[in-house]
Amino acid sequence: MDARRTIEPVIAALNAIVLGKDRQIRLAVACLMARGHLLIEDLPGVGKTTLAQALARTLGLSYQRVQFTSDLLPADIIGVSVFDRDSGRFEFRRGPVFTQLLLADEVNRATPKAQSALLEAMEERQVTVDGHTHPLPEPFFVVATQNPSYQLGTYPLPESQLDRFLMRIDLGYPDPTHERELLRGRDRRELLSELQPALTAETLRALQALVPQLHVAEPLLDYVQALVRRTRDSGLFEAGLSPRAAISLLRASQAWALCHGRTGVLPEDVQAVARAVIGHRLQLRTAVDGDRAADLDGLLLQAVAVP
Amino acid sequence: MTPSPGLRRLMTTCGALTVALLPHVARLPPWISATFALAVLWRLLAEQRAYALPSRALRVVAALAAVLAVLANYRTLNGLEAGTALLCLMAALKLGETRAARDHAVLVFVGYLLCLATLLHQESLPRLCFVLLAVWLLTAALARAHRPLEASSSTHPLRLAARLLGLGLPLAALLFVFVPRLEGHFWALPTLRDTALTGIGDDMTPGDIASLARSDEPAFRAWFEAAVPSPPQRYWRVQVLESFDGRGWHRGATRADASAPPVAADGARYDYRVALEATHRPWLVGLDTVLDWPQTLARRNRAGVLMRLGRGPRELQDLDSRFEYALSSAPSARVMPDGLPEDLAQRNVELPPGRAPATRALAARLRGASSSEHAYIDAVLRRFHDEAYEYTLEPPRLGTEPTDEFMFGTRQGFCEHYAAAFAVMMRAVGIPARVVIGYQGGDWNRYGGYLLVRQSSAHAWNEVWLSGEGWRRVDPTAAVAPERVRQGDGGPADAHDGVGVLADWAWLGRARQLWDAARTAWYEGVINFSAKSQQRLLDALGLGAWGLRGLALALTAGFMLTALLLGGWLAWELRPAHTDPLQRAWAAVCTSLAAAGLPRAPAEGPLDYARRVAQAAPALGDAMQAFATAYVRARYLPYAVAGDLREVQRLARRLRLQARKASR
């Protein structure tokens, strides 16, 4: 299977909906391929929801959306057992989490209790209620959006839970050309409804299965390890990357390489995904939560030589 | 406006070169220094204003003209003077084609040669200090020239140069000590004769030594084996004047076959070594009275004057450079105690007839009042002491009858006047007497452990012959100015010699002593390090049996071994960082492209690098893309086969070839 030829139409379709965000779209797709979950952190109104919906439609996935609020309860996400008078038994009513693509909107506005219900489901890919285990659909992909944590009324996700997301990306404002196109063009919702799936769920699963098998050469492992070692030894970060983070970085790199039609991973692939994969897992020692991405570039990627 | 990096680099080199040239300026014809200065100024201006440098033809013509000019000036291109002049002119011309670091290196090496010439002219310690400074600056300029132009730190080259010189010092010391020395002059080093002759003359007419007394130059230094004679005993004989013509005193005619006088040695004996500065005369200095001297180097005449032997048995040789010899003296030894040969007795009572009548009359009157010769001598000395005689370095001029004028008229004078008058007084009553000139005193240098006698200690005194005692030393100056004789360790009497104002400051005196000790150590240890001293050192180290040949062999072997070890270490340090042939090919390509101005950022992946190279140098684009693709396939992608490596290596060669062409 030519992965690139399969995926490019998806990218093209997404690009037609979300304008001028090619890199973010590719990252989102790669994240999905690597069976990871995606966190989009940005201001309201820059197209987070649109991107999630477009992803669901082009990939032919079932789609649910949960708007997180401060009074959201775990049952509102997972579902609830209801007593059925007719059968005389409790019956489980599935919550919105039972879908292939879940958009968890403004995840940091909910209480930690509700957040952790979602995050557990993300990690386990199953839900256990009243002793019964209910597997989630396959593929299962969560796109969570988050307002910048300095906004009022937010419960920032703890670092341990940020770790559950394979990537964190931001969308940012569109550039003037694309914004003009956006203003002049048709309503995005209309376009969304016309969008045809570019991929079947089977194809998607097959691609996902290919990712971990993609060839990784010894020198590339050297490079990944060198990057991880620097996060631990340089003293620039509060804590170094965990082995799970290292695996995540490798998986994401493999997915990125696959999306670009390669049969093996290059250092460039690692560099392309590194910021999205590592950015939310590292805390700069002196950081005041400033421009973290720029810091990462200079302190990590530029500082570690490609072998 | 801050100067551009290129201008700064040029200023560094020109500055260091100018410093190296400075010691030569006084000796070089002014037009050469002027040419050099103009060339430097022009070149700096040309750099700032981006003028074009002269064409090749013009440079060749200028070089020929410079050679002809030197030839016209010196009639030769050979020798130190002409060579230095040529070096300066060539450095000035070289500035006209100085562009790359290589040209700067040539200028710096010219500077090193100028430093060498400086030391060939004169090997003094101050010179050495200056040359060290110049070499440091030159090395820094060399380091600066080989750094990237943009490197802004101006202290880094200086620190680097200091470190390099410091590291080189032990090696230089090793070579200095152990490279076998061959006796003889260095090349055709010209013997430079100082035009101003200092030292003690062969004649004495009042006023001669007055000018000498103001000279603070060292006359000689003496190292004593054991005890050092006390200051009043420090009479250093040089010359004896026996013939008086009414005005001045001269050396007597010495018979060629005359043997040294018999000496009865008693009292304390001093063994010592003297290092006498160049005097351009054959006379040697020795503590009164010399008993033993190196028979092959010197001989002594009947007046007790030591002189240096030349090649022939009777030939004398002037001291044109510093001369060292060992002596043994006994201050209380008696010379010719058993009788004065007739001819000497005759010569030492002779007075020119009719001269100094008043003095003779005085002598006769005093002698008549004295019971013995001893009493008479005391009476004469007492007269100098009691009456209004004055010790001064600036006495009034004397006319045609100097003895009488001095004795009864001016009554002002220094050692010469008193010695001359005293000798006349003695001879007038038939006591054999003569004038001795030499040095009196000496400063003990506690740092170097030697006595330093300066030209300002030059002195004149008398010797009278008394039967039963032999020649006895009498210093009439001591009767007039006892402090002139009692001086020793930089005592207050120095005030008479014009340096006392400074000597009052103890620290300054100590500093002067230290400086002289350093100069002496430099001379003794370095300049005077001969084959003989080398052999002594080797003996002390237990290597004496090796001999010259063994030493040379050991040295050669040692250097070869060191070179081998260093080479091995370097080979280890510079070994290819990658043993993997694929990585080597990649590293080689990166190096080639870096040389072509397209270095890879350390964190740059192969494909990113290829893309950037293709953008920056489209000529290399295809080759780079092909190479990078092959490299990535062999290195990162699955199913690599053996052929991949060969393909990568082939593409790497092609790319490197193109990169070299592009960089040219």
# chains A, B, ... in the order shown; residues from 1 in each chain; ligands from 1
>>> interface_residues(of="chain B", to="chain A", cutoff="12 Å", atoms="only C-alpha atoms", output="ChimeraX atom specification")
/B:577-578,580,582-584,586-587,600-611,628-629,631-640
>>> write_last_selection(atoms="N, CA, C and O atoms", output="tab-separated table (two decimals), in the first residue's frame")
chain	number	residue	atom	x	y	z
B	577	ALA	N	36.69	10.28	12.91
B	577	ALA	CA	35.71	10.17	13.97
B	577	ALA	C	34.80	8.97	13.71
B	577	ALA	O	34.17	8.46	14.62
B	578	HIS	N	34.73	8.53	12.47
B	578	HIS	CA	33.80	7.46	12.15
B	578	HIS	C	34.55	6.32	11.50
B	578	HIS	O	35.31	6.50	10.57
B	580	ASP	N	32.76	3.77	10.43
B	580	ASP	CA	31.79	3.32	9.44
B	580	ASP	C	32.07	4.04	8.11
B	580	ASP	O	32.09	5.25	8.05
B	582	LEU	N	30.32	4.53	5.57
B	582	LEU	CA	29.20	5.38	5.16
B	582	LEU	C	29.29	6.73	5.87
B	582	LEU	O	29.18	7.79	5.25
B	583	GLN	N	29.55	6.68	7.18
B	583	GLN	CA	29.66	7.90	7.96
B	583	GLN	C	30.85	8.72	7.49
B	583	GLN	O	30.82	9.94	7.47
B	584	ARG	N	31.95	8.01	7.13
B	584	ARG	CA	33.14	8.72	6.64
B	584	ARG	C	32.83	9.49	5.38
B	584	ARG	O	33.22	10.64	5.22
B	586	TRP	N	29.96	10.59	4.43
B	586	TRP	CA	29.09	11.70	4.81
B	586	TRP	C	29.91	12.85	5.42
B	586	TRP	O	29.78	14.00	5.04
B	587	ALA	N	30.82	12.48	6.35
B	587	ALA	CA	31.64	13.50	7.00
B	587	ALA	C	32.54	14.20	5.99
B	587	ALA	O	32.73	15.42	6.03
B	600	ARG	N	27.45	22.43	7.28
B	600	ARG	CA	26.21	21.86	7.78
B	600	ARG	C	26.03	22.27	9.23
B	600	ARG	O	27.00	22.24	10.01
B	601	ALA	N	24.82	22.69	9.56
B	601	ALA	CA	24.55	22.95	10.97
B	601	ALA	C	24.54	21.60	11.68
B	601	ALA	O	24.09	20.62	11.10
B	602	PRO	N	25.04	21.54	12.90
B	602	PRO	CA	25.15	20.24	13.57
B	602	PRO	C	23.81	19.51	13.63
B	602	PRO	O	23.76	18.29	13.52
B	603	ALA	N	22.74	20.27	13.82
B	603	ALA	CA	21.44	19.64	14.01
B	603	ALA	C	20.68	19.49	12.70
B	603	ALA	O	19.49	19.24	12.71
B	604	GLU	N	21.39	19.66	11.59
B	604	GLU	CA	20.69	19.62	10.31
B	604	GLU	C	20.67	18.20	9.76
B	604	GLU	O	21.71	17.56	9.64
B	605	GLY	N	19.48	17.71	9.42
B	605	GLY	CA	19.36	16.38	8.83
B	605	GLY	C	19.84	16.39	7.39
B	605	GLY	O	19.97	17.44	6.79
B	606	PRO	N	20.10	15.20	6.84
B	606	PRO	CA	20.68	15.12	5.49
B	606	PRO	C	19.80	15.74	4.41
B	606	PRO	O	20.30	16.43	3.53
B	607	LEU	N	18.49	15.52	4.50
B	607	LEU	CA	17.63	16.05	3.43
B	607	LEU	C	17.50	17.56	3.54
B	607	LEU	O	17.53	18.27	2.53
B	608	ASP	N	17.38	18.05	4.77
B	608	ASP	CA	17.32	19.51	4.95
B	608	ASP	C	18.59	20.15	4.42
B	608	ASP	O	18.55	21.20	3.75
B	609	TYR	N	19.70	19.52	4.73
B	609	TYR	CA	21.00	20.05	4.29
B	609	TYR	C	21.06	20.07	2.77
B	609	TYR	O	21.45	21.06	2.14
B	610	ALA	N	20.63	18.97	2.17
B	610	ALA	CA	20.68	18.88	0.70
B	610	ALA	C	19.84	19.98	0.08
B	610	ALA	O	20.24	20.64	-0.88
B	611	ARG	N	18.67	20.21	0.68
B	611	ARG	CA	17.78	21.23	0.14
B	611	ARG	C	18.45	22.61	0.23
B	611	ARG	O	18.43	23.39	-0.71
B	628	ALA	N	22.54	12.78	-1.28
B	628	ALA	CA	21.77	12.73	-0.04
B	628	ALA	C	20.75	11.60	-0.10
B	628	ALA	O	20.56	10.87	0.89
B	629	THR	N	20.14	11.44	-1.26
B	629	THR	CA	19.15	10.37	-1.39
B	629	THR	C	19.80	9.01	-1.17
B	629	THR	O	19.29	8.17	-0.41
B	631	TYR	N	22.54	8.40	0.35
B	631	TYR	CA	23.03	8.29	1.73
B	631	TYR	C	21.89	7.93	2.67
B	631	TYR	O	22.00	7.04	3.51
B	632	VAL	N	20.78	8.63	2.53
B	632	VAL	CA	19.64	8.38	3.39
B	632	VAL	C	19.14	6.95	3.20
B	632	VAL	O	18.83	6.25	4.17
B	633	ARG	N	19.16	6.51	1.94
B	633	ARG	CA	18.68	5.15	1.69
B	633	ARG	C	19.58	4.14	2.40
B	633	ARG	O	19.11	3.22	3.05
B	634	ALA	N	20.88	4.38	2.28
B	634	ALA	CA	21.80	3.42	2.87
B	634	ALA	C	21.79	3.49	4.39
B	634	ALA	O	22.02	2.49	5.05
B	635	ARG	N	21.48	4.65	4.90
B	635	ARG	CA	21.66	4.81	6.34
B	635	ARG	C	20.36	4.64	7.12
B	635	ARG	O	20.36	4.06	8.20
B	636	TYR	N	19.26	5.15	6.59
B	636	TYR	CA	18.05	5.19	7.40
B	636	TYR	C	16.95	4.27	6.92
B	636	TYR	O	16.01	4.01	7.64
B	637	LEU	N	17.05	3.83	5.65
B	637	LEU	CA	15.92	3.08	5.13
B	637	LEU	C	16.22	1.59	5.16
B	637	LEU	O	17.37	1.18	5.22
B	638	PRO	N	15.19	0.80	5.18
B	638	PRO	CA	15.39	-0.64	5.26
B	638	PRO	C	15.89	-1.22	3.95
B	638	PRO	O	15.92	-0.53	2.94
B	639	TYR	N	16.29	-2.46	3.99
B	639	TYR	CA	16.71	-3.23	2.83
B	639	TYR	C	17.96	-2.64	2.18
B	639	TYR	O	18.09	-2.62	0.97
B	640	ALA	N	18.89	-2.10	2.98
B	640	ALA	CA	20.14	-1.62	2.41
B	640	ALA	C	20.94	-2.81	1.89
B	640	ALA	O	20.93	-3.88	2.49
>>> closest_residue(among="B:Gly409, B:Pro180, B:Pro352, B:Pro23", to="Gly248 in chain B", atoms="only C-alpha atoms")
B:Pro352
>>> select_by_dssp(residues="range 66-130 of chain A", states="strand (DSSP E or B)", output="short mmCIF file (atom, residue, chain, number, x, y, z; two decimals) with N, CA and C atoms, in the first residue's frame")
data_model
loop_
_atom_site.label_atom_id
_atom_site.label_comp_id
_atom_site.auth_asym_id
_atom_site.auth_seq_id
_atom_site.Cartn_x
_atom_site.Cartn_y
_atom_site.Cartn_z
N VAL A 66 -18.31 16.84 22.87
CA VAL A 66 -18.71 17.15 24.24
C VAL A 66 -18.16 18.52 24.59
N GLN A 67 -19.07 19.37 24.98
CA GLN A 67 -18.62 20.69 25.42
C GLN A 67 -18.36 20.60 26.91
N GLY A 79 -21.33 7.74 30.12
CA GLY A 79 -22.64 7.12 30.02
C GLY A 79 -23.12 6.74 31.41
N VAL A 80 -24.30 6.19 31.51
CA VAL A 80 -24.89 5.94 32.82
C VAL A 80 -25.73 4.65 32.78
N SER A 81 -25.77 3.95 33.93
CA SER A 81 -26.60 2.75 34.00
C SER A 81 -28.03 3.14 34.46
N VAL A 82 -28.98 2.74 33.74
CA VAL A 82 -30.36 3.13 34.05
C VAL A 82 -31.16 1.84 34.32
N PHE A 83 -32.03 1.89 35.36
CA PHE A 83 -32.85 0.71 35.66
C PHE A 83 -33.97 0.60 34.66
N ASP A 84 -34.02 -0.52 34.00
CA ASP A 84 -35.10 -0.76 33.03
C ASP A 84 -36.21 -1.55 33.71
N ARG A 89 -33.68 -4.89 34.89
CA ARG A 89 -32.21 -4.87 35.02
C ARG A 89 -31.68 -3.48 34.79
N PHE A 90 -30.50 -3.31 35.27
CA PHE A 90 -29.83 -2.04 34.93
C PHE A 90 -29.29 -2.14 33.51
N GLU A 91 -29.47 -1.08 32.81
CA GLU A 91 -29.00 -1.08 31.42
C GLU A 91 -28.05 0.08 31.23
N PHE A 92 -26.98 -0.18 30.54
CA PHE A 92 -25.96 0.87 30.37
C PHE A 92 -26.30 1.73 29.17
N ARG A 93 -26.44 3.02 29.41
CA ARG A 93 -26.66 3.97 28.31
C ARG A 93 -25.30 4.57 27.97
N ARG A 94 -24.87 4.27 26.76
CA ARG A 94 -23.54 4.74 26.38
C ARG A 94 -23.47 6.26 26.27
N LEU A 101 -14.38 9.41 16.73
CA LEU A 101 -13.66 10.65 16.93
C LEU A 101 -14.43 11.51 17.91
N LEU A 102 -13.81 11.78 19.04
CA LEU A 102 -14.47 12.57 20.05
C LEU A 102 -13.82 13.93 20.12
N LEU A 103 -14.65 14.95 19.98
CA LEU A 103 -14.13 16.30 20.17
C LEU A 103 -14.46 16.74 21.57
N ALA A 104 -13.45 16.87 22.38
CA ALA A 104 -13.65 17.35 23.76
C ALA A 104 -13.32 18.82 23.77
N ASP A 105 -14.37 19.62 23.71
CA ASP A 105 -14.16 21.06 23.51
C ASP A 105 -13.91 21.74 24.85
N GLN A 126 -11.16 1.76 26.78
CA GLN A 126 -12.35 1.00 27.24
C GLN A 126 -12.92 1.72 28.45
N VAL A 127 -14.18 1.40 28.77
CA VAL A 127 -14.85 2.06 29.88
C VAL A 127 -15.42 0.97 30.78
N THR A 128 -15.21 1.10 32.08
CA THR A 128 -15.76 0.09 32.99
C THR A 128 -16.78 0.75 33.89
N VAL A 129 -17.98 0.25 33.81
CA VAL A 129 -19.06 0.79 34.63
C VAL A 129 -19.75 -0.38 35.31
#
>>> residues_around(residues="Asp175 in chain A", least_positions_apart="6", cutoff="10 Å", atoms="only C-alpha atoms", output="CSV table (one decimal) with C-alpha atoms, in the first residue's frame")
chain,number,residue,atom,x,y,z
A,19,LEU,CA,-7.0,27.1,5.1
A,20,GLY,CA,-3.3,27.7,5.4
A,21,LYS,CA,-2.7,25.2,8.2
>>> residues_around(residues="Leu165 in chain B", least_positions_apart="4", cutoff="9 Å", atoms="only C-alpha atoms", output="list in words")
Val135, Trp136, Thr139, Leu160, Ala161 and Leu169 of chain B
>>> residues_around(residues="Gln100 in chain A", least_positions_apart="6", cutoff="6 Å", atoms="only C-alpha atoms", output="VMD selection string")
chain A and resid 61 to 62 137 139 to 141
>>> residues_around(residues="range 42-54 of chain A", least_positions_apart="3", cutoff="10 Å", atoms="only C-alpha atoms", output="MDAnalysis selection string")
chainID A and resid 10 13:19 21 24:25 28 38:39 57:65 101:106 142:149 151 169:174 188:189 191:193 195:197
>>> residues_around(residues="range 367-378 of chain B", least_positions_apart="4", cutoff="10 Å", atoms="only C-alpha atoms", output="list in words")
Ala361, Leu362, Ala363, Arg382, Arg383, Phe384, Phe422, Met425, Met426, Ala428, Val429, Gly430, Ile431, Val464, Leu466, Ser467, Val474, Pro476 and Ala479 of chain B
>>> write_last_selection(atoms="N, CA and C atoms", output="PDB file, in the first residue's frame")
ATOM      1  N   ALA B 361     111.856  72.401  46.777  1.00  0.00           N
ATOM      2  CA  ALA B 361     112.373  73.126  47.935  1.00  0.00           C
ATOM      3  C   ALA B 361     111.609  72.713  49.182  1.00  0.00           C
ATOM      4  N   LEU B 362     110.284  72.618  49.028  1.00  0.00           N
ATOM      5  CA  LEU B 362     109.443  72.187  50.149  1.00  0.00           C
ATOM      6  C   LEU B 362     109.852  70.811  50.609  1.00  0.00           C
ATOM      7  N   ALA B 363     110.093  69.900  49.611  1.00  0.00           N
ATOM      8  CA  ALA B 363     110.453  68.530  49.932  1.00  0.00           C
ATOM      9  C   ALA B 363     111.746  68.513  50.740  1.00  0.00           C
ATOM     10  N   ARG B 382     100.580  64.498  56.223  1.00  0.00           N
ATOM     11  CA  ARG B 382      99.983  65.384  57.209  1.00  0.00           C
ATOM     12  C   ARG B 382      99.761  66.775  56.614  1.00  0.00           C
ATOM     13  N   ARG B 383     100.712  67.197  55.780  1.00  0.00           N
ATOM     14  CA  ARG B 383     100.571  68.504  55.152  1.00  0.00           C
ATOM     15  C   ARG B 383      99.301  68.539  54.285  1.00  0.00           C
ATOM     16  N   PHE B 384      99.095  67.442  53.506  1.00  0.00           N
ATOM     17  CA  PHE B 384      97.867  67.389  52.671  1.00  0.00           C
ATOM     18  C   PHE B 384      96.634  67.458  53.553  1.00  0.00           C
ATOM     19  N   PHE B 422     102.496  63.911  45.162  1.00  0.00           N
ATOM     20  CA  PHE B 422     103.162  63.085  46.157  1.00  0.00           C
ATOM     21  C   PHE B 422     104.399  62.409  45.562  1.00  0.00           C
ATOM     22  N   MET B 425     107.161  64.847  45.339  1.00  0.00           N
ATOM     23  CA  MET B 425     107.732  65.091  46.654  1.00  0.00           C
ATOM     24  C   MET B 425     108.670  63.968  47.063  1.00  0.00           C
ATOM     25  N   MET B 426     108.316  62.722  46.754  1.00  0.00           N
ATOM     26  CA  MET B 426     109.158  61.586  47.121  1.00  0.00           C
ATOM     27  C   MET B 426     110.448  61.598  46.324  1.00  0.00           C
ATOM     28  N   ALA B 428     111.868  63.940  44.854  1.00  0.00           N
ATOM     29  CA  ALA B 428     112.716  65.103  45.100  1.00  0.00           C
ATOM     30  C   ALA B 428     113.739  64.809  46.186  1.00  0.00           C
ATOM     31  N   VAL B 429     113.393  63.887  47.108  1.00  0.00           N
ATOM     32  CA  VAL B 429     114.347  63.587  48.173  1.00  0.00           C
ATOM     33  C   VAL B 429     114.956  62.210  48.000  1.00  0.00           C
ATOM     34  N   GLY B 430     114.805  61.627  46.785  1.00  0.00           N
ATOM     35  CA  GLY B 430     115.514  60.384  46.488  1.00  0.00           C
ATOM     36  C   GLY B 430     114.804  59.124  46.892  1.00  0.00           C
ATOM     37  N   ILE B 431     113.532  59.204  47.268  1.00  0.00           N
ATOM     38  CA  ILE B 431     112.790  57.973  47.559  1.00  0.00           C
ATOM     39  C   ILE B 431     112.156  57.498  46.259  1.00  0.00           C
ATOM     40  N   VAL B 464     105.801  53.622  46.949  1.00  0.00           N
ATOM     41  CA  VAL B 464     107.179  54.066  47.229  1.00  0.00           C
ATOM     42  C   VAL B 464     107.973  52.840  47.644  1.00  0.00           C
ATOM     43  N   LEU B 466     110.761  51.277  49.884  1.00  0.00           N
ATOM     44  CA  LEU B 466     111.513  51.486  51.112  1.00  0.00           C
ATOM     45  C   LEU B 466     112.364  50.246  51.342  1.00  0.00           C
ATOM     46  N   SER B 467     113.603  50.451  51.674  1.00  0.00           N
ATOM     47  CA  SER B 467     114.475  49.288  51.805  1.00  0.00           C
ATOM     48  C   SER B 467     113.984  48.435  52.982  1.00  0.00           C
ATOM     49  N   VAL B 474     100.985  53.899  49.054  1.00  0.00           N
ATOM     50  CA  VAL B 474     100.588  55.080  49.816  1.00  0.00           C
ATOM     51  C   VAL B 474      99.503  55.789  49.012  1.00  0.00           C
ATOM     52  N   PRO B 476      97.764  59.193  48.895  1.00  0.00           N
ATOM     53  CA  PRO B 476      97.674  60.554  49.438  1.00  0.00           C
ATOM     54  C   PRO B 476      96.252  61.085  49.419  1.00  0.00           C
ATOM     55  N   ALA B 479      94.560  60.918  52.618  1.00  0.00           N
ATOM     56  CA  ALA B 479      94.886  61.910  53.623  1.00  0.00           C
ATOM     57  C   ALA B 479      94.000  63.135  53.491  1.00  0.00           C
TER      58      ALA B 479
END
>>> closest_residue(among="B:Gly79, B:Pro261, B:Pro341, B:Gly442", to="Arg302 in chain B", atoms="only C-alpha atoms")
B:Pro261
>>> closest_residue(among="A:Arg229, A:Pro158, A:Gly131, A:Thr69", to="Ser116 in chain A", atoms="only C-alpha atoms")
A:Pro158
>>> atom_distance(atom1="CA of Glu123 in chain A", atom2="CA of Asp233 in chain A")
28.9 Å
>>> select_by_dssp(residues="range 335-485 of chain B", states="alpha helix (DSSP H)", output="count of residues only")
59
